[in-house]
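Undergrad: Sharing run_13.cif, mmCIF, C-alpha atoms:
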```
data_final
#
loop_
_atom_site.label_atom_id
_atom_site.label_comp_id
_atom_site.auth_asym_id
_atom_site.auth_seq_id
_atom_site.Cartn_x
_atom_site.Cartn_y
_atom_site.Cartn_z
CA MET M 193 -78.98 66.32 48.00
CA LYS M 194 -81.17 67.51 50.86
CA LYS M 195 -80.71 71.13 49.76
CA LEU M 196 -81.73 70.25 46.23
CA ILE M 197 -84.83 68.39 47.44
CA ASN M 198 -85.77 71.34 49.66
CA PHE M 199 -85.25 73.77 46.76
CA PHE M 200 -87.72 71.85 44.60
CA LEU M 201 -90.21 71.43 47.46
CA ARG M 202 -90.09 75.16 48.30
CA ASN M 203 -90.56 76.14 44.67
CA GLY M 204 -92.75 73.24 43.57
CA LYS M 205 -95.84 75.28 42.89
CA PHE M 206 -97.86 75.04 39.71
CA LYS M 207 -97.59 78.80 39.08
CA ILE M 208 -93.80 78.37 38.92
CA THR M 209 -93.73 74.90 37.35
CA PHE M 210 -95.88 75.60 34.29
CA PRO M 211 -93.88 78.61 33.00
CA VAL M 212 -90.62 76.68 33.44
CA LEU M 213 -92.07 73.72 31.55
CA ALA M 214 -93.42 76.07 28.86
CA ILE M 215 -89.91 77.40 28.25
CA GLY M 216 -88.64 73.81 28.09
CA PHE M 217 -91.36 72.88 25.58
CA ALA M 218 -90.49 75.95 23.48
CA LEU M 219 -86.83 74.91 23.38
CA GLN M 220 -87.85 71.34 22.53
CA ALA M 221 -90.00 72.66 19.68
CA LEU M 222 -87.04 74.70 18.44
CA LEU M 223 -84.88 71.58 18.45
CA ILE M 224 -87.49 69.53 16.62
CA VAL M 225 -88.64 72.12 14.10
CA HIS M 226 -85.38 73.94 13.32
CA TYR M 227 -82.37 71.88 14.33
CA LEU M 228 -83.46 68.28 13.76
CA PRO M 229 -84.39 68.63 10.05
CA GLU M 230 -81.06 70.28 9.30
CA PHE M 231 -79.24 67.63 11.34
CA LEU M 232 -81.03 64.91 9.34
CA HIS M 233 -80.04 66.66 6.13
CA TYR M 234 -76.36 66.60 7.11
CA SER M 235 -76.56 63.06 8.49
CA ASP M 236 -78.35 61.62 5.45
CA ASN M 237 -81.28 60.75 7.76
CA LEU M 238 -79.21 58.93 10.39
CA LYS M 239 -80.80 59.59 13.78
CA ASN M 240 -79.33 61.91 16.36
CA PRO M 241 -77.63 59.75 19.02
CA ASP M 242 -79.60 61.72 21.64
CA GLN M 243 -82.74 59.98 20.31
CA LEU M 244 -81.34 56.47 20.66
CA PHE M 245 -81.38 54.26 23.74
CA THR M 246 -77.96 52.92 22.83
CA TYR M 247 -75.47 53.15 19.99
CA ASN M 248 -72.10 51.71 19.10
CA PHE M 249 -68.74 52.75 17.71
CA GLU M 250 -69.66 51.89 14.12
CA TYR M 251 -72.84 53.97 14.28
CA ILE M 252 -71.05 57.04 15.63
CA THR M 253 -68.18 56.71 13.14
CA ASN M 254 -70.65 56.40 10.26
CA LEU M 255 -72.70 59.34 11.57
CA TYR M 256 -69.70 61.64 11.96
CA GLN M 257 -68.47 60.73 8.47
CA LYS M 258 -71.87 61.51 6.96
CA LEU M 259 -72.17 64.77 8.92
CA GLY M 260 -68.84 66.01 7.59
CA GLU M 261 -67.03 68.90 9.19
CA VAL M 262 -69.86 71.41 8.61
CA GLY M 263 -72.47 68.98 9.97
CA ARG M 264 -70.39 68.23 13.06
CA LYS M 265 -70.07 71.95 13.78
CA PHE M 266 -73.82 72.29 13.34
CA TYR M 267 -74.39 69.31 15.66
CA SER M 268 -72.18 70.96 18.31
CA LYS M 269 -74.39 74.08 18.15
CA MET M 270 -77.47 71.88 18.39
CA LEU M 271 -76.05 70.23 21.52
CA VAL M 272 -75.67 73.66 23.15
CA VAL M 273 -79.39 74.33 22.61
CA ASP M 274 -80.08 70.81 23.89
CA PHE M 275 -78.09 71.67 27.04
CA PHE M 276 -80.47 74.57 27.80
CA TYR M 277 -83.55 72.49 26.92
CA THR M 278 -82.41 69.62 29.12
CA THR M 279 -81.54 71.82 32.09
CA ILE M 280 -84.78 73.80 32.02
CA SER M 281 -86.95 70.73 31.41
CA GLY M 282 -85.21 68.76 34.15
CA MET M 283 -85.89 71.58 36.60
CA GLY M 284 -89.49 71.86 35.37
CA TYR M 285 -90.22 68.17 35.79
CA SER M 286 -88.63 68.12 39.25
CA LEU M 287 -90.75 71.13 40.21
CA LEU M 288 -93.83 69.34 38.83
CA LEU M 289 -93.09 66.22 40.87
CA ALA M 290 -92.57 68.36 43.98
CA ALA M 291 -95.88 70.16 43.35
CA LEU M 292 -97.69 66.86 42.91
CA ILE M 293 -96.11 65.03 45.85
CA LYS M 294 -95.81 67.87 48.38
CA LYS M 295 -93.63 65.67 50.57
CA GLU M 296 -89.90 65.33 51.06
CA LYS M 297 -89.08 62.40 48.79
CA TRP M 298 -85.72 61.81 47.14
CA TYR M 299 -87.25 61.12 43.75
CA VAL M 300 -88.43 64.70 43.24
CA VAL M 301 -84.86 65.38 42.07
CA LEU M 302 -84.77 62.42 39.66
CA PRO M 303 -85.70 64.43 36.53
CA PHE M 304 -83.09 67.06 37.38
CA LEU M 305 -80.43 64.42 38.03
CA LEU M 306 -81.22 62.92 34.62
CA THR M 307 -80.29 66.32 33.24
CA LEU M 308 -76.74 65.55 34.33
CA SER M 309 -76.78 62.29 32.37
CA ASP M 310 -77.95 64.11 29.24
CA ILE M 311 -75.34 66.84 29.74
CA PHE M 312 -72.59 64.22 30.15
CA GLU M 313 -73.80 62.52 26.97
CA ASN M 314 -73.69 65.83 25.10
CA VAL M 315 -70.21 66.65 26.43
CA ALA M 316 -69.04 63.17 25.41
CA GLN M 317 -70.47 63.72 21.92
CA ILE M 318 -68.66 67.06 21.61
CA ILE M 319 -65.38 65.49 22.77
CA LEU M 320 -65.81 62.61 20.32
CA MET M 321 -66.58 65.00 17.45
CA ASN M 322 -63.59 67.19 18.28
CA ASN M 323 -61.33 64.11 18.18
CA PHE M 324 -62.85 62.61 15.04
CA PRO M 325 -61.59 60.53 13.26
CA GLN M 326 -59.49 59.37 16.25
CA ILE M 327 -62.38 58.45 18.55
CA SER M 328 -62.23 55.71 21.13
CA PRO M 329 -64.74 52.87 21.38
CA PHE M 330 -64.69 53.44 25.15
CA GLY M 331 -65.72 57.08 24.68
CA VAL M 332 -68.63 55.97 22.51
CA PHE M 333 -69.58 53.35 25.11
CA VAL M 334 -69.62 56.00 27.88
CA SER M 335 -71.71 58.37 25.77
CA SER M 336 -74.15 55.56 24.94
CA LEU M 337 -74.33 54.55 28.60
CA PHE M 338 -75.36 58.10 29.55
CA SER M 339 -78.05 57.95 26.86
CA SER M 340 -79.40 54.67 28.28
CA VAL M 341 -79.42 56.03 31.84
CA LYS M 342 -81.18 59.21 30.67
CA MET M 343 -83.90 57.30 28.82
CA THR M 344 -84.47 54.70 31.55
CA GLY M 345 -84.70 57.39 34.21
CA GLY M 346 -86.93 59.45 31.92
CA VAL M 347 -89.45 56.61 31.72
CA ILE M 348 -89.37 56.22 35.51
CA SER M 349 -89.86 59.98 35.95
CA LEU M 350 -92.78 59.99 33.52
CA LEU M 351 -94.41 57.09 35.35
CA LEU M 352 -93.99 58.90 38.68
CA ILE M 353 -95.55 62.07 37.24
CA LEU M 354 -98.47 60.12 35.77
CA PHE M 355 -99.00 58.19 39.01
CA PHE M 356 -99.04 61.29 41.21
CA THR M 357 -101.18 63.21 38.72
CA GLY M 358 -103.72 60.38 38.83
CA LYS M 359 -103.51 60.21 42.60
CA ASN M 360 -104.14 63.97 42.90
CA ILE M 361 -107.10 63.80 40.52
CA PHE M 362 -108.56 60.88 42.45
CA ASN M 363 -108.10 62.68 45.81
CA ARG M 364 -109.74 65.87 44.50
CA MET M 365 -112.69 63.91 43.15
CA LYS M 366 -113.01 62.10 46.49
CA ILE M 367 -112.98 65.39 48.44
CA LYS M 368 -115.48 66.95 46.05
CA ARG M 369 -117.80 63.95 46.44
CA GLN M 370 -117.53 64.12 50.25
CA ILE M 371 -118.40 67.84 50.20
CA GLN M 372 -121.41 67.14 47.98
CA GLU M 373 -122.60 64.35 50.28
CA LYS M 374 -122.45 66.65 53.29
CA SER M 375 -124.54 69.31 51.51
#
```
Output the structure of this file as structure tokens.

TA:
Amino acid sequence: MKKLINFFLRNGKFKITFPVLAIGFALQALLIVHYLPEFLHYSDNLKNPDQLFTYNFEYITNLYQKLGEVGRKFYSKMLVVDFFYTTISGMGYSLLLAALIKKEKWYVVLPFLLTLSDIFENVAQIILMNNFPQISPFGVFVSSLFSSVKMTGGVISLLLILFFTGKNIFNRMKIKRQIQEKS
């Protein structure tokens, strides 16, 4: 964990962070603009489980039935793109936190660790789809649990980023005012 924290602190510079986040945003746009409409077409407008805080066995069974075999294959491809989006965005947000905090704090790795939760959810979805129609309620529960952890941690990460962004803006304004008062 210490090595991961140090990696983000060493590389947590805005000139590195913003390009990484830009790639993440581009992948997110690809998912939203290209993949999501086609997913919704196959699913008869049932939401992607990745967008839900929690879901149950009945929801997943209904979704997989509506997707059909072609839709499930498409969803598997979509999850591969989501894997890249999640990994790059998780790194970008951890780099952003490190750039904002500039101190060795464990929570700079929180966005990246949430990447693991999203990846585990995606892997669980792929396993469930590959075993459909013989899917286990426990497998759905585990997948849903990863989704809940990802979303809860995502809100915490966002709040940390907003807090430290505000703190940095306030500190810069304070320094600028002090410089002006001395002049």

Undergrad: Considering all atoms listed in the file, return as a count of residues only whatever protein or nucleic-acid residues lie within 12 Å of Phe199 of chain M, sequence-local ones (same chain, fewer than 4 positions apart) excluded.

TA: 16

Undergrad: Dump as a tab-separated table the rows for residues of segment 209-273 of chain M within 8 Å of segment 327-346 of chain M: closest atom pair and distance in Å with one decimal, all atoms listed in the file counted, ordered by chain and rising residue number.

TA:
```
residue	atom	partner	partner_atom	distance
M:Asp242	CA	M:Ser339	CA	6.6
M:Leu244	CA	M:Ser339	CA	7.2
M:Phe245	CA	M:Ser340	CA	5.0
M:Thr246	CA	M:Ser336	CA	5.1
M:Tyr247	CA	M:Ser336	CA	5.7
M:Asn248	CA	M:Val332	CA	6.5
M:Phe249	CA	M:Pro329	CA	5.4
M:Ile252	CA	M:Val332	CA	7.4
```

Undergrad: Run through the PyMOL selection byres ((chain M and resi 210) around 12) on the given coordinates and return the selected residues as an mmCIF file with C-alpha atoms, keeping the file's coordinate frame.

TA:
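See out_26.cif below for the written result:
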```cif
data_model
loop_
_atom_site.group_PDB
_atom_site.id
_atom_site.type_symbol
_atom_site.label_atom_id
_atom_site.label_comp_id
_atom_site.auth_asym_id
_atom_site.auth_seq_id
_atom_site.Cartn_x
_atom_site.Cartn_y
_atom_site.Cartn_z
ATOM 1 C CA ASN M 203 -90.560 76.140 44.670
ATOM 2 C CA GLY M 204 -92.750 73.240 43.570
ATOM 3 C CA LYS M 205 -95.840 75.280 42.890
ATOM 4 C CA PHE M 206 -97.860 75.040 39.710
ATOM 5 C CA LYS M 207 -97.590 78.800 39.080
ATOM 6 C CA ILE M 208 -93.800 78.370 38.920
ATOM 7 C CA THR M 209 -93.730 74.900 37.350
ATOM 8 C CA PRO M 211 -93.880 78.610 33.000
ATOM 9 C CA VAL M 212 -90.620 76.680 33.440
ATOM 10 C CA LEU M 213 -92.070 73.720 31.550
ATOM 11 C CA ALA M 214 -93.420 76.070 28.860
ATOM 12 C CA ILE M 215 -89.910 77.400 28.250
ATOM 13 C CA GLY M 216 -88.640 73.810 28.090
ATOM 14 C CA PHE M 217 -91.360 72.880 25.580
ATOM 15 C CA ILE M 280 -84.780 73.800 32.020
ATOM 16 C CA SER M 281 -86.950 70.730 31.410
ATOM 17 C CA MET M 283 -85.890 71.580 36.600
ATOM 18 C CA GLY M 284 -89.490 71.860 35.370
ATOM 19 C CA TYR M 285 -90.220 68.170 35.790
ATOM 20 C CA SER M 286 -88.630 68.120 39.250
ATOM 21 C CA LEU M 287 -90.750 71.130 40.210
ATOM 22 C CA LEU M 288 -93.830 69.340 38.830
ATOM 23 C CA LEU M 289 -93.090 66.220 40.870
ATOM 24 C CA ALA M 291 -95.880 70.160 43.350
#
```

Undergrad: What would the selection look like, as number ranges by chain, if the PyMOL selection byres ((chain M and resi 266) around 12) were run on the coordinates I just shared?

TA: M: 226-235, 256, 259-265, 267-273, 318, 321

Undergrad: Any idea what's packed within 10 Å of segment 360-366 of chain M, counting all atoms listed in the file, ignoring anything in its chain fewer than 6 positions away? Could you give it as a VMD selection string?

TA: chain M and resid 292 to 293 354 372

Undergrad: Go ahead and write the residues just picked, C-alpha atoms, as a PDB file, in the frame of the given file.

TA:
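Result file follows (selection_33.pdb):
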```
ATOM      1  CA  LEU M 292     -97.690  66.860  42.910  1.00  0.00           C
ATOM      2  CA  ILE M 293     -96.110  65.030  45.850  1.00  0.00           C
ATOM      3  CA  LEU M 354     -98.470  60.120  35.770  1.00  0.00           C
ATOM      4  CA  GLN M 372    -121.410  67.140  47.980  1.00  0.00           C
TER       5      GLN M 372
END
```

Undergrad: Quick one: distance from atom CA of Phe312 of chain M to atom CA of Gln243 of chain M in Å, one decimal?

TA: 14.8 Å

Undergrad: Compare M:Leu201, M:Leu223, M:Leu238, M:Leu352 by their minimum atom-to-atom distance to Leu302 of chain M, counting all atoms listed in the file, and give me the closest one.

TA: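 For Leu302 of chain M, the nearest of the candidates is M:Leu352.
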
Undergrad: Could you jot down the atom CA of Ala221 of chain M to atom CA of Leu306 of chain M separation for me, Å, one decimal place?

TA: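 Computing it gives 19.9 Å between the two atoms.
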